[in-house]
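target-v8.cif follows (mmCIF, C-alpha atoms and all ligand atoms):
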```cif
data_protein
#
loop_
_atom_site.label_atom_id
_atom_site.label_comp_id
_atom_site.auth_asym_id
_atom_site.auth_seq_id
_atom_site.Cartn_x
_atom_site.Cartn_y
_atom_site.Cartn_z
CA MET A 252 174.05 9.15 -45.46
CA LYS A 253 175.77 7.22 -42.65
CA ARG A 254 178.09 4.24 -42.17
CA ILE A 255 176.06 1.73 -40.21
CA LEU A 256 176.95 -1.64 -38.65
CA VAL A 257 174.13 -4.15 -38.09
CA THR A 258 175.08 -7.21 -36.03
CA GLY A 259 172.75 -10.16 -36.58
CA GLY A 260 171.94 -8.57 -39.95
CA ALA A 261 171.27 -11.90 -41.69
CA GLY A 262 168.55 -12.79 -39.19
CA PHE A 263 164.83 -12.16 -39.38
CA ILE A 264 164.64 -8.57 -38.06
CA GLY A 265 168.21 -7.71 -39.11
CA SER A 266 167.57 -8.50 -42.79
CA HIS A 267 164.57 -6.11 -42.90
CA LEU A 268 166.58 -3.43 -41.11
CA CYS A 269 169.52 -3.81 -43.54
CA ARG A 270 167.12 -3.51 -46.50
CA ARG A 271 165.60 -0.27 -45.14
CA LEU A 272 168.99 1.26 -44.33
CA VAL A 273 170.43 0.34 -47.76
CA ASP A 274 167.35 1.74 -49.54
CA GLU A 275 167.79 5.00 -47.62
CA GLY A 276 171.29 5.26 -49.15
CA ASN A 277 173.43 4.42 -46.11
CA ASP A 278 176.63 2.35 -46.23
CA VAL A 279 175.62 -0.81 -44.40
CA ILE A 280 177.94 -3.45 -42.95
CA CYS A 281 176.18 -6.65 -41.87
CA VAL A 282 177.98 -8.86 -39.35
CA ASP A 283 176.63 -12.36 -38.70
CA ASN A 284 177.91 -15.82 -37.76
CA PHE A 285 174.88 -17.50 -39.45
CA PHE A 286 173.85 -19.41 -36.33
CA THR A 287 170.16 -18.70 -36.94
CA GLY A 288 170.40 -16.24 -39.83
CA THR A 289 170.75 -17.24 -43.48
CA LYS A 290 172.41 -15.87 -46.59
CA ARG A 291 169.03 -16.25 -48.28
CA ASN A 292 167.64 -13.42 -46.11
CA ILE A 293 170.22 -10.94 -47.41
CA GLU A 294 170.86 -12.38 -50.86
CA PRO A 295 168.97 -9.57 -52.64
CA LEU A 296 171.30 -7.05 -50.93
CA LEU A 297 174.59 -8.67 -51.95
CA ASP A 298 174.67 -6.85 -55.30
CA CYS A 299 174.11 -3.41 -53.75
CA HIS A 300 177.23 -1.21 -53.81
CA ASN A 301 176.37 0.15 -50.35
CA PHE A 302 176.04 -3.28 -48.63
CA GLU A 303 178.85 -5.40 -47.22
CA LEU A 304 178.70 -8.76 -45.44
CA ILE A 305 181.23 -9.96 -42.85
CA ARG A 306 181.04 -13.46 -41.34
CA HIS A 307 182.04 -12.81 -37.75
CA ASP A 308 181.08 -13.83 -34.22
CA VAL A 309 180.31 -10.87 -31.92
CA THR A 310 181.89 -12.63 -28.94
CA LYS A 311 185.17 -11.64 -30.64
CA GLU A 312 186.33 -8.06 -31.13
CA ILE A 313 185.93 -6.29 -34.45
CA LEU A 314 187.14 -2.87 -35.62
CA VAL A 315 185.16 -1.01 -38.27
CA GLU A 316 184.77 2.74 -38.72
CA VAL A 317 181.05 3.47 -38.44
CA ASP A 318 178.67 6.19 -37.23
CA GLN A 319 175.92 3.93 -35.89
CA ILE A 320 175.71 0.34 -34.57
CA TYR A 321 172.51 -1.71 -34.29
CA ASN A 322 173.31 -4.68 -32.02
CA LEU A 323 170.90 -7.50 -32.88
CA ALA A 324 173.20 -10.54 -32.82
CA CYS A 325 171.62 -13.15 -30.53
CA PRO A 326 169.42 -16.18 -31.13
CA ALA A 327 165.86 -15.14 -30.24
CA SER A 328 163.68 -18.23 -30.30
CA PRO A 329 163.54 -20.44 -27.18
CA VAL A 330 164.56 -23.53 -29.20
CA HIS A 331 167.69 -21.83 -30.51
CA TYR A 332 168.74 -19.89 -27.44
CA GLN A 333 168.38 -23.01 -25.29
CA TYR A 334 170.41 -25.16 -27.72
CA ASN A 335 173.70 -23.79 -26.33
CA PRO A 336 172.72 -21.64 -23.33
CA VAL A 337 176.32 -20.82 -22.35
CA LYS A 338 176.94 -19.46 -25.86
CA THR A 339 173.69 -17.46 -25.69
CA MET A 340 174.86 -15.72 -22.52
CA LYS A 341 178.31 -15.11 -24.07
CA THR A 342 176.72 -13.64 -27.19
CA SER A 343 174.58 -11.21 -25.17
CA VAL A 344 177.22 -10.16 -22.68
CA MET A 345 180.47 -10.32 -24.67
CA GLY A 346 178.66 -9.09 -27.78
CA ALA A 347 177.46 -6.06 -25.79
CA ILE A 348 180.95 -5.40 -24.38
CA ASN A 349 182.52 -5.64 -27.83
CA MET A 350 179.96 -3.36 -29.49
CA LEU A 351 180.11 -0.84 -26.64
CA GLY A 352 183.93 -0.90 -26.79
CA LEU A 353 183.75 -0.30 -30.53
CA ALA A 354 181.23 2.54 -30.09
CA LYS A 355 183.52 4.14 -27.49
CA ARG A 356 186.56 3.85 -29.73
CA VAL A 357 185.03 5.18 -32.95
CA LYS A 358 182.50 7.48 -31.21
CA ALA A 359 179.49 5.77 -32.74
CA ARG A 360 175.93 5.75 -31.45
CA VAL A 361 174.93 2.21 -30.45
CA LEU A 362 171.43 0.69 -30.18
CA GLN A 363 170.75 -2.49 -28.23
CA ALA A 364 167.94 -4.84 -29.31
CA SER A 365 166.69 -5.79 -25.87
CA THR A 366 163.48 -7.67 -25.25
CA SER A 367 160.19 -7.89 -23.37
CA GLU A 368 161.79 -10.98 -21.78
CA VAL A 369 163.51 -8.61 -19.34
CA TYR A 370 160.04 -8.44 -17.69
CA GLY A 371 160.05 -12.26 -17.27
CA ASN A 372 156.67 -13.64 -16.25
CA PRO A 373 155.24 -10.22 -15.47
CA ASN A 374 152.99 -9.56 -12.50
CA VAL A 375 152.34 -6.02 -13.73
CA HIS A 376 150.09 -5.89 -16.79
CA PRO A 377 150.48 -4.27 -19.30
CA GLN A 378 154.24 -3.66 -18.94
CA PRO A 379 155.62 -0.09 -18.73
CA GLU A 380 159.38 0.56 -18.97
CA GLU A 381 159.53 1.38 -15.22
CA TYR A 382 158.61 -2.22 -14.30
CA TRP A 383 161.71 -4.17 -13.18
CA GLY A 384 160.35 -7.58 -14.05
CA ASN A 385 159.88 -11.01 -12.53
CA VAL A 386 162.69 -13.17 -13.92
CA ASN A 387 163.88 -16.61 -12.81
CA PRO A 388 167.70 -16.40 -12.71
CA ILE A 389 168.27 -20.19 -12.88
CA GLY A 390 165.65 -21.54 -15.31
CA ILE A 391 165.87 -22.67 -18.91
CA ARG A 392 164.94 -19.19 -20.25
CA SER A 393 167.47 -17.43 -17.99
CA CYS A 394 170.41 -17.59 -20.43
CA TYR A 395 168.40 -15.31 -22.72
CA ASP A 396 166.49 -13.21 -20.17
CA GLU A 397 169.42 -12.59 -17.83
CA GLY A 398 171.86 -12.22 -20.75
CA LYS A 399 169.69 -9.44 -22.16
CA ARG A 400 169.29 -7.85 -18.71
CA ALA A 401 173.08 -7.90 -18.21
CA ALA A 402 173.50 -6.33 -21.66
CA GLU A 403 171.15 -3.49 -20.65
CA THR A 404 173.24 -2.98 -17.49
CA LEU A 405 176.41 -2.80 -19.58
CA PHE A 406 174.82 -0.26 -21.93
CA PHE A 407 173.87 2.03 -19.06
CA ASP A 408 177.24 1.62 -17.31
CA TYR A 409 179.21 2.43 -20.48
CA HIS A 410 176.94 5.45 -20.86
CA ARG A 411 177.48 6.66 -17.29
CA GLN A 412 181.17 5.71 -17.05
CA ASN A 413 182.40 6.43 -20.59
CA ASN A 414 179.74 8.72 -22.03
CA VAL A 415 178.92 6.25 -24.82
CA ASP A 416 175.89 7.40 -26.84
CA ILE A 417 173.38 4.57 -26.22
CA LYS A 418 169.83 3.71 -27.25
CA VAL A 419 167.97 0.72 -25.75
CA ILE A 420 164.76 -0.74 -27.17
CA ARG A 421 162.71 -3.55 -25.66
CA ILE A 422 161.17 -5.50 -28.52
CA PHE A 423 157.91 -7.42 -27.96
CA ASN A 424 157.09 -10.52 -30.08
CA THR A 425 157.69 -9.59 -33.71
CA TYR A 426 156.79 -11.63 -36.79
CA GLY A 427 156.85 -11.46 -40.59
CA PRO A 428 158.65 -12.73 -43.70
CA ASN A 429 162.23 -14.05 -43.28
CA MET A 430 161.45 -15.76 -39.97
CA ASN A 431 163.24 -19.07 -39.88
CA ALA A 432 160.62 -21.76 -40.66
CA ASN A 433 162.20 -24.14 -38.12
CA ASP A 434 162.93 -21.79 -35.30
CA GLY A 435 160.04 -22.90 -33.13
CA ARG A 436 158.42 -19.52 -32.53
CA VAL A 437 154.67 -19.55 -32.38
CA VAL A 438 153.75 -17.55 -35.50
CA SER A 439 156.08 -19.45 -37.84
CA ASN A 440 155.16 -22.80 -36.24
CA PHE A 441 151.39 -22.30 -36.62
CA ILE A 442 151.66 -20.98 -40.19
CA VAL A 443 153.97 -23.76 -41.39
CA GLN A 444 151.84 -26.40 -39.66
CA ALA A 445 148.63 -25.00 -41.19
CA LEU A 446 150.13 -24.79 -44.69
CA LYS A 447 151.46 -28.35 -44.50
CA GLY A 448 148.20 -29.72 -43.06
CA GLU A 449 150.00 -30.81 -39.88
CA ASP A 450 148.59 -30.54 -36.34
CA ILE A 451 148.74 -27.06 -34.80
CA THR A 452 150.71 -27.45 -31.54
CA ILE A 453 149.41 -25.28 -28.70
CA TYR A 454 151.59 -25.43 -25.58
CA GLY A 455 149.53 -25.49 -22.38
CA ASP A 456 145.82 -24.65 -22.65
CA GLY A 457 146.38 -21.78 -25.11
CA SER A 458 145.17 -19.09 -22.70
CA GLN A 459 148.61 -17.42 -22.40
CA THR A 460 148.77 -14.09 -24.25
CA ARG A 461 151.29 -12.31 -26.45
CA SER A 462 151.26 -9.01 -28.38
CA PHE A 463 152.44 -9.41 -31.96
CA CYS A 464 154.12 -6.63 -33.94
CA TYR A 465 154.60 -6.82 -37.72
CA VAL A 466 158.27 -6.45 -38.65
CA ASP A 467 157.86 -3.31 -40.86
CA ASP A 468 156.32 -1.42 -37.93
CA LEU A 469 159.14 -2.55 -35.65
CA VAL A 470 161.93 -1.55 -38.07
CA ASP A 471 160.35 1.89 -38.41
CA GLY A 472 160.45 2.25 -34.59
CA MET A 473 164.06 1.05 -34.42
CA ILE A 474 165.24 3.64 -36.94
CA ARG A 475 163.28 6.39 -35.18
CA MET A 476 164.91 5.41 -31.89
CA MET A 477 168.41 5.37 -33.39
CA ASN A 478 167.85 8.90 -34.70
CA SER A 479 166.01 10.23 -31.65
CA ARG A 480 167.11 13.33 -29.73
CA ASP A 481 170.44 13.43 -27.86
CA GLY A 482 170.05 12.35 -24.26
CA PHE A 483 167.09 10.05 -24.83
CA THR A 484 168.54 6.63 -24.04
CA GLY A 485 165.39 4.60 -23.41
CA PRO A 486 164.77 1.85 -22.55
CA VAL A 487 161.70 2.16 -24.72
CA ASN A 488 159.12 -0.55 -25.45
CA LEU A 489 158.48 -1.28 -29.13
CA GLY A 490 155.55 -3.58 -29.77
CA ASN A 491 151.93 -3.78 -30.82
CA PRO A 492 149.59 -3.47 -27.84
CA GLY A 493 146.98 -5.79 -29.44
CA GLU A 494 146.87 -8.80 -27.10
CA PHE A 495 145.84 -12.32 -28.18
CA THR A 496 145.71 -15.78 -26.61
CA MET A 497 147.59 -18.55 -28.44
CA LEU A 498 144.22 -20.21 -29.09
CA GLU A 499 142.99 -17.02 -30.79
CA LEU A 500 146.18 -16.91 -32.86
CA ALA A 501 145.77 -20.55 -33.93
CA ASN A 502 142.18 -19.90 -35.04
CA LYS A 503 143.20 -16.80 -37.01
CA VAL A 504 145.89 -18.78 -38.84
CA LEU A 505 143.41 -21.59 -39.57
CA ASN A 506 140.82 -19.11 -40.91
CA ILE A 507 143.22 -17.20 -43.15
CA THR A 508 144.92 -20.29 -44.58
CA GLY A 509 141.64 -22.24 -44.85
CA SER A 510 143.62 -25.22 -43.53
CA SER A 511 141.95 -28.32 -42.12
CA SER A 512 144.75 -28.88 -39.59
CA LYS A 513 143.63 -29.92 -36.11
CA ILE A 514 144.64 -28.18 -32.89
CA VAL A 515 146.54 -30.41 -30.44
CA TYR A 516 147.73 -29.53 -26.95
CA LYS A 517 151.33 -30.12 -25.74
CA PRO A 518 152.94 -29.49 -22.33
CA LEU A 519 153.68 -25.86 -21.46
CA PRO A 520 157.47 -25.25 -21.32
CA GLN A 521 158.97 -24.20 -17.96
CA ASP A 522 158.66 -20.47 -17.06
CA ASP A 523 156.53 -19.69 -20.14
CA PRO A 524 155.13 -16.18 -19.43
CA THR A 525 151.35 -16.17 -18.96
CA GLN A 526 150.75 -12.69 -20.35
CA ARG A 527 152.53 -9.92 -22.22
CA LYS A 528 151.47 -6.55 -23.60
CA PRO A 529 153.51 -3.37 -23.98
CA VAL A 530 152.67 0.11 -22.76
CA ILE A 531 153.89 2.24 -25.69
CA ASP A 532 153.18 5.75 -24.38
CA LEU A 533 156.91 6.56 -24.23
CA ALA A 534 157.49 5.50 -27.87
CA LYS A 535 154.47 7.60 -28.93
CA LYS A 536 155.77 10.65 -27.07
CA GLU A 537 159.49 10.47 -27.86
CA LEU A 538 159.46 8.83 -31.28
CA ASP A 539 156.00 9.73 -32.56
CA TRP A 540 155.73 5.99 -33.24
CA GLU A 541 152.96 3.46 -33.07
CA PRO A 542 152.29 0.31 -35.09
CA HIS A 543 149.89 0.49 -38.05
CA ILE A 544 149.63 -3.12 -39.25
CA ASN A 545 147.10 -5.22 -37.39
CA LEU A 546 147.46 -8.94 -36.76
CA ASP A 547 145.16 -10.11 -39.58
CA GLU A 548 146.94 -7.95 -42.15
CA GLY A 549 150.41 -8.98 -40.93
CA LEU A 550 149.47 -12.66 -40.83
CA LYS A 551 148.27 -12.49 -44.45
CA LYS A 552 151.64 -11.08 -45.59
CA THR A 553 153.54 -13.66 -43.53
CA ILE A 554 151.41 -16.55 -44.79
CA GLU A 555 152.08 -15.40 -48.37
CA TYR A 556 155.83 -15.55 -47.67
CA PHE A 557 155.73 -19.03 -46.13
CA SER A 558 153.46 -20.38 -48.91
CA LYS A 559 156.10 -19.42 -51.50
CA LEU A 560 158.93 -20.77 -49.33
CA ILE A 561 157.25 -24.14 -48.89
CA GLN A 562 156.60 -24.48 -52.63
CA GLU A 563 160.28 -23.83 -53.52
P1 LIG N 1 167.17 -14.22 -35.49
O1 LIG N 1 167.61 -15.46 -34.78
O2 LIG N 1 166.49 -14.37 -36.79
O3 LIG N 1 168.41 -13.23 -35.70
C1 LIG N 1 169.55 -13.22 -34.88
C2 LIG N 1 170.77 -13.10 -35.75
O4 LIG N 1 171.95 -13.04 -34.95
C3 LIG N 1 170.96 -14.32 -36.68
O5 LIG N 1 171.24 -13.89 -37.99
C4 LIG N 1 172.13 -15.06 -36.05
O6 LIG N 1 172.86 -15.84 -37.00
C5 LIG N 1 172.92 -13.91 -35.47
N1 LIG N 1 173.82 -14.32 -34.37
C6 LIG N 1 173.52 -15.09 -33.30
N2 LIG N 1 174.60 -15.23 -32.50
C7 LIG N 1 175.61 -14.51 -33.09
C8 LIG N 1 176.98 -14.27 -32.76
N3 LIG N 1 177.52 -14.79 -31.65
N4 LIG N 1 177.71 -13.49 -33.60
C9 LIG N 1 177.17 -12.97 -34.74
N5 LIG N 1 175.89 -13.17 -35.11
C10 LIG N 1 175.12 -13.93 -34.28
O7 LIG N 1 166.26 -13.41 -34.46
P2 LIG N 1 165.45 -12.05 -34.61
O8 LIG N 1 164.06 -12.35 -34.27
O9 LIG N 1 165.76 -11.40 -35.89
O10 LIG N 1 166.06 -11.21 -33.42
C11 LIG N 1 166.99 -10.17 -33.62
C12 LIG N 1 167.25 -9.48 -32.28
O11 LIG N 1 166.05 -8.92 -31.77
C13 LIG N 1 167.80 -10.41 -31.21
O12 LIG N 1 168.79 -9.74 -30.44
C14 LIG N 1 166.60 -10.70 -30.35
O13 LIG N 1 166.95 -10.99 -29.03
C15 LIG N 1 165.83 -9.40 -30.45
N6 LIG N 1 164.39 -9.61 -30.21
C16 LIG N 1 163.60 -10.21 -31.14
C17 LIG N 1 162.24 -10.43 -30.87
C18 LIG N 1 161.31 -11.08 -31.86
O14 LIG N 1 160.14 -11.28 -31.53
N7 LIG N 1 161.70 -11.41 -33.06
C19 LIG N 1 161.72 -10.02 -29.64
C20 LIG N 1 162.56 -9.43 -28.72
C21 LIG N 1 163.89 -9.20 -29.02
N1 LIG N 2 153.77 -21.71 -28.43
C1 LIG N 2 152.77 -22.61 -28.77
N2 LIG N 2 153.00 -23.47 -29.80
C2 LIG N 2 154.15 -23.46 -30.53
C3 LIG N 2 155.16 -22.52 -30.20
C4 LIG N 2 154.94 -21.66 -29.13
O1 LIG N 2 151.69 -22.63 -28.14
O2 LIG N 2 154.26 -24.28 -31.46
C5 LIG N 2 153.51 -20.74 -27.33
C6 LIG N 2 154.64 -20.63 -26.29
O3 LIG N 2 154.47 -21.62 -25.30
C7 LIG N 2 154.42 -19.24 -25.78
C8 LIG N 2 153.88 -18.46 -27.00
O4 LIG N 2 153.41 -19.46 -27.91
O5 LIG N 2 153.43 -19.22 -24.78
C9 LIG N 2 154.94 -17.62 -27.69
O6 LIG N 2 156.07 -18.43 -27.94
P1 LIG N 2 157.34 -17.94 -28.74
O7 LIG N 2 158.37 -19.02 -28.60
O8 LIG N 2 156.95 -17.52 -30.09
O9 LIG N 2 157.82 -16.61 -27.99
P2 LIG N 2 158.09 -16.23 -26.44
O10 LIG N 2 157.60 -17.33 -25.54
O11 LIG N 2 159.55 -16.04 -26.35
O12 LIG N 2 157.30 -15.00 -26.24
#
```

What does the file become when written as structure tokens?
Amino acid sequence: MKRILVTGGAGFIGSHLCRRLVDEGNDVICVDNFFTGTKRNIEPLLDCHNFELIRHDVTKEILVEVDQIYNLACPASPVHYQYNPVKTMKTSVMGAINMLGLAKRVKARVLQASTSEVYGNPNVHPQPEEYWGNVNPIGIRSCYDEGKRAAETLFFDYHRQNNVDIKVIRIFNTYGPNMNANDGRVVSNFIVQALKGEDITIYGDGSQTRSFCYVDDLVDGMIRMMNSRDGFTGPVNLGNPGEFTMLELANKVLNITGSSSKIVYKPLPQDDPTQRKPVIDLAKKELDWEPHINLDEGLKKTIEYFSKLIQE
């Protein structure tokens, strides 16, 4: 049983992680400023004796005695991270400095939720951890991509300079229940549009690809990484190597929901990556981890969640 801090714990991935850690009997402290997260996501945990919620912004310092820190606080959808790009960069960079400072002070192990966005619009496919990426430093996605890259740099410098015990994961597109219905990401957009009978909005011609990981698989990988052997820092890719075009995704959602929504095409946002697929050999070797839930199965569970949400 450990004392564990989860920043961004009221968000989509954070709420699933908090649930797993509480169920395993740990003392969990969730820190969130509710920018994109909601109390609804963690409401079922509020009555648990081993769960505590603190409203706090990670750009400010915090002192709590813990053994492990999962640093997830950061808006993750393009709509939200571009809403206040300066704040996004501050959250990534100052949030990382504050969590690394805390880890150093209380001698905690700290895990950074980094992203496949560090690979930018990749010209190596699929993407192994050794690939340094192809990132525009001055575009509309840069606040997120470069913020996360700077956070990785800080993690490795605190490790080299101060011996902080770090773990870095690079998460590829993850989906599931508790995603914010309005956050503009593709899986939630298509499902909500299909369930409401609205047009399905494909950006560009729909030939761009993504690899979608169901949230339960991801959380399992995160916990394995946090508890992996001393000296293994990562970065390690966590994602499902199944690769789909956005047109394929739209058709899957239409088939499963039985919706009569029409597909419409909208302009492709600037710097939208054309392809993305993780190499997960390192996660298999070091963590004995690979995803088990395929896209159809995961979509069914997610559609079930959104159907209930929309009826409420
Ligand atoms: P999310 O937006 O649902 O969760 C982010 C959480 O962080 C929210 O609860 C939000 O309120 C909180 N937050 C934002 N700024 C904060 C601040 N300054 N102080 C305190 N809390 C703050 O997104 P998510 O999909 O759950 O993503 C969680 C983490 O995983 C993020 O760091 C994201 O970059 C990373 N990630 C997610 C994906 C994905 O596909 N979902 C992919 C790659 C990386
Ligand atoms: N996308 C789309 N329609 C939408 C939302 C997104 O076609 O309603 C596309 C988007 O242009 C991108 C892909 O789906 O190519 C994944 O977008 P998302 O914002 O979910 O994640 P990211 O681009 O950060 O991987």

For this session: Give me the residues within 9 Å of Val344 of chain A as a PyMOL selection string, counting only C-alpha atoms and dropping any in the same chain fewer than 2 places off.
Result: chain A and resi 310+339-342+346-349+398-399+401-402+405

Exercise. Which is closest to Leu546 of chain A among A:Val419, A:Cys464, A:Ala501, A:Ile507, if we use all atoms listed in the file?
Worked result: A:Cys464

For this session: Please write out the residues within 8 Å of ligand LIG 1 (chain N) as a ChimeraX atom specification, counting only C-alpha atoms and all ligand atoms.
Result: /A:258-266,282-289,306-310,322-328,331,338-339,341-343,346,363-368,395,399,421-426,429-431,434,463-464

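Put simply, atom CA of Ser511 of chain A is 10.4 Å away from atom CA of Gln444 of chain A.
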
Exercise. Hey, what's within 6 Å of Lys355 of chain A if we count all atoms listed in the file and toss same-chain stuff fewer than 3 positions away? As a PyMOL selection string, please?
Worked result: chain A and resi 352+358+415

Put those residues in a file: C-alpha atoms, as a compact mmCIF listing (two decimals), in the frame of the given file.
```txt
# COMPACT_ATOMS: atom_id res chain seq x y z
CA GLY A 352 183.93 -0.90 -26.79
CA LYS A 358 182.50 7.48 -31.21
CA VAL A 415 178.92 6.25 -24.82
```

Can I get segment 304-325 of chain A with N, CA and C atoms filled in, as a PDB file, in the frame of the given file?
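Result file is part.pdb:
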```
ATOM      1  N   LEU A 304     178.977  -7.678 -46.387  1.00  0.00           N
ATOM      2  CA  LEU A 304     178.700  -8.760 -45.440  1.00  0.00           C
ATOM      3  C   LEU A 304     180.008  -9.272 -44.836  1.00  0.00           C
ATOM      4  N   ILE A 305     180.038  -9.387 -43.508  1.00  0.00           N
ATOM      5  CA  ILE A 305     181.230  -9.960 -42.850  1.00  0.00           C
ATOM      6  C   ILE A 305     180.773 -11.126 -41.983  1.00  0.00           C
ATOM      7  N   ARG A 306     181.334 -12.329 -42.227  1.00  0.00           N
ATOM      8  CA  ARG A 306     181.040 -13.460 -41.340  1.00  0.00           C
ATOM      9  C   ARG A 306     181.916 -13.303 -40.094  1.00  0.00           C
ATOM     10  N   HIS A 307     181.280 -13.103 -38.962  1.00  0.00           N
ATOM     11  CA  HIS A 307     182.040 -12.810 -37.750  1.00  0.00           C
ATOM     12  C   HIS A 307     181.156 -13.112 -36.541  1.00  0.00           C
ATOM     13  N   ASP A 308     181.796 -13.526 -35.456  1.00  0.00           N
ATOM     14  CA  ASP A 308     181.080 -13.830 -34.220  1.00  0.00           C
ATOM     15  C   ASP A 308     181.282 -12.654 -33.252  1.00  0.00           C
ATOM     16  N   VAL A 309     180.187 -12.090 -32.750  1.00  0.00           N
ATOM     17  CA  VAL A 309     180.310 -10.870 -31.920  1.00  0.00           C
ATOM     18  C   VAL A 309     180.950 -11.122 -30.556  1.00  0.00           C
ATOM     19  N   THR A 310     181.161 -12.392 -30.198  1.00  0.00           N
ATOM     20  CA  THR A 310     181.890 -12.630 -28.940  1.00  0.00           C
ATOM     21  C   THR A 310     183.375 -12.298 -29.118  1.00  0.00           C
ATOM     22  N   LYS A 311     183.784 -12.073 -30.367  1.00  0.00           N
ATOM     23  CA  LYS A 311     185.170 -11.640 -30.640  1.00  0.00           C
ATOM     24  C   LYS A 311     185.143 -10.165 -31.067  1.00  0.00           C
ATOM     25  N   GLU A 312     186.263  -9.484 -30.786  1.00  0.00           N
ATOM     26  CA  GLU A 312     186.330  -8.060 -31.130  1.00  0.00           C
ATOM     27  C   GLU A 312     186.332  -7.828 -32.637  1.00  0.00           C
ATOM     28  N   ILE A 313     185.852  -6.675 -33.041  1.00  0.00           N
ATOM     29  CA  ILE A 313     185.930  -6.290 -34.450  1.00  0.00           C
ATOM     30  C   ILE A 313     186.165  -4.774 -34.493  1.00  0.00           C
ATOM     31  N   LEU A 314     186.934  -4.318 -35.488  1.00  0.00           N
ATOM     32  CA  LEU A 314     187.140  -2.870 -35.620  1.00  0.00           C
ATOM     33  C   LEU A 314     186.678  -2.423 -36.989  1.00  0.00           C
ATOM     34  N   VAL A 315     185.623  -1.621 -37.018  1.00  0.00           N
ATOM     35  CA  VAL A 315     185.160  -1.010 -38.270  1.00  0.00           C
ATOM     36  C   VAL A 315     184.790   0.440 -37.967  1.00  0.00           C
ATOM     37  N   GLU A 316     185.078   1.316 -38.914  1.00  0.00           N
ATOM     38  CA  GLU A 316     184.770   2.740 -38.720  1.00  0.00           C
ATOM     39  C   GLU A 316     183.322   2.979 -39.110  1.00  0.00           C
ATOM     40  N   VAL A 317     182.460   3.221 -38.142  1.00  0.00           N
ATOM     41  CA  VAL A 317     181.050   3.470 -38.440  1.00  0.00           C
ATOM     42  C   VAL A 317     180.507   4.603 -37.583  1.00  0.00           C
ATOM     43  N   ASP A 318     179.328   5.121 -37.988  1.00  0.00           N
ATOM     44  CA  ASP A 318     178.670   6.190 -37.230  1.00  0.00           C
ATOM     45  C   ASP A 318     177.611   5.635 -36.282  1.00  0.00           C
ATOM     46  N   GLN A 319     177.005   4.512 -36.691  1.00  0.00           N
ATOM     47  CA  GLN A 319     175.920   3.930 -35.890  1.00  0.00           C
ATOM     48  C   GLN A 319     176.076   2.406 -35.851  1.00  0.00           C
ATOM     49  N   ILE A 320     175.682   1.810 -34.705  1.00  0.00           N
ATOM     50  CA  ILE A 320     175.710   0.340 -34.570  1.00  0.00           C
ATOM     51  C   ILE A 320     174.339  -0.111 -34.061  1.00  0.00           C
ATOM     52  N   TYR A 321     173.714  -1.033 -34.795  1.00  0.00           N
ATOM     53  CA  TYR A 321     172.510  -1.710 -34.290  1.00  0.00           C
ATOM     54  C   TYR A 321     172.961  -3.091 -33.823  1.00  0.00           C
ATOM     55  N   ASN A 322     172.835  -3.381 -32.530  1.00  0.00           N
ATOM     56  CA  ASN A 322     173.310  -4.680 -32.020  1.00  0.00           C
ATOM     57  C   ASN A 322     172.157  -5.671 -31.862  1.00  0.00           C
ATOM     58  N   LEU A 323     172.000  -6.520 -32.875  1.00  0.00           N
ATOM     59  CA  LEU A 323     170.900  -7.500 -32.880  1.00  0.00           C
ATOM     60  C   LEU A 323     171.391  -8.931 -32.728  1.00  0.00           C
ATOM     61  N   ALA A 324     172.704  -9.159 -32.790  1.00  0.00           N
ATOM     62  CA  ALA A 324     173.200 -10.540 -32.820  1.00  0.00           C
ATOM     63  C   ALA A 324     172.839 -11.270 -31.537  1.00  0.00           C
ATOM     64  N   CYS A 325     172.022 -12.285 -31.654  1.00  0.00           N
ATOM     65  CA  CYS A 325     171.620 -13.150 -30.530  1.00  0.00           C
ATOM     66  C   CYS A 325     170.494 -14.045 -31.010  1.00  0.00           C
TER      67      CYS A 325
END
```
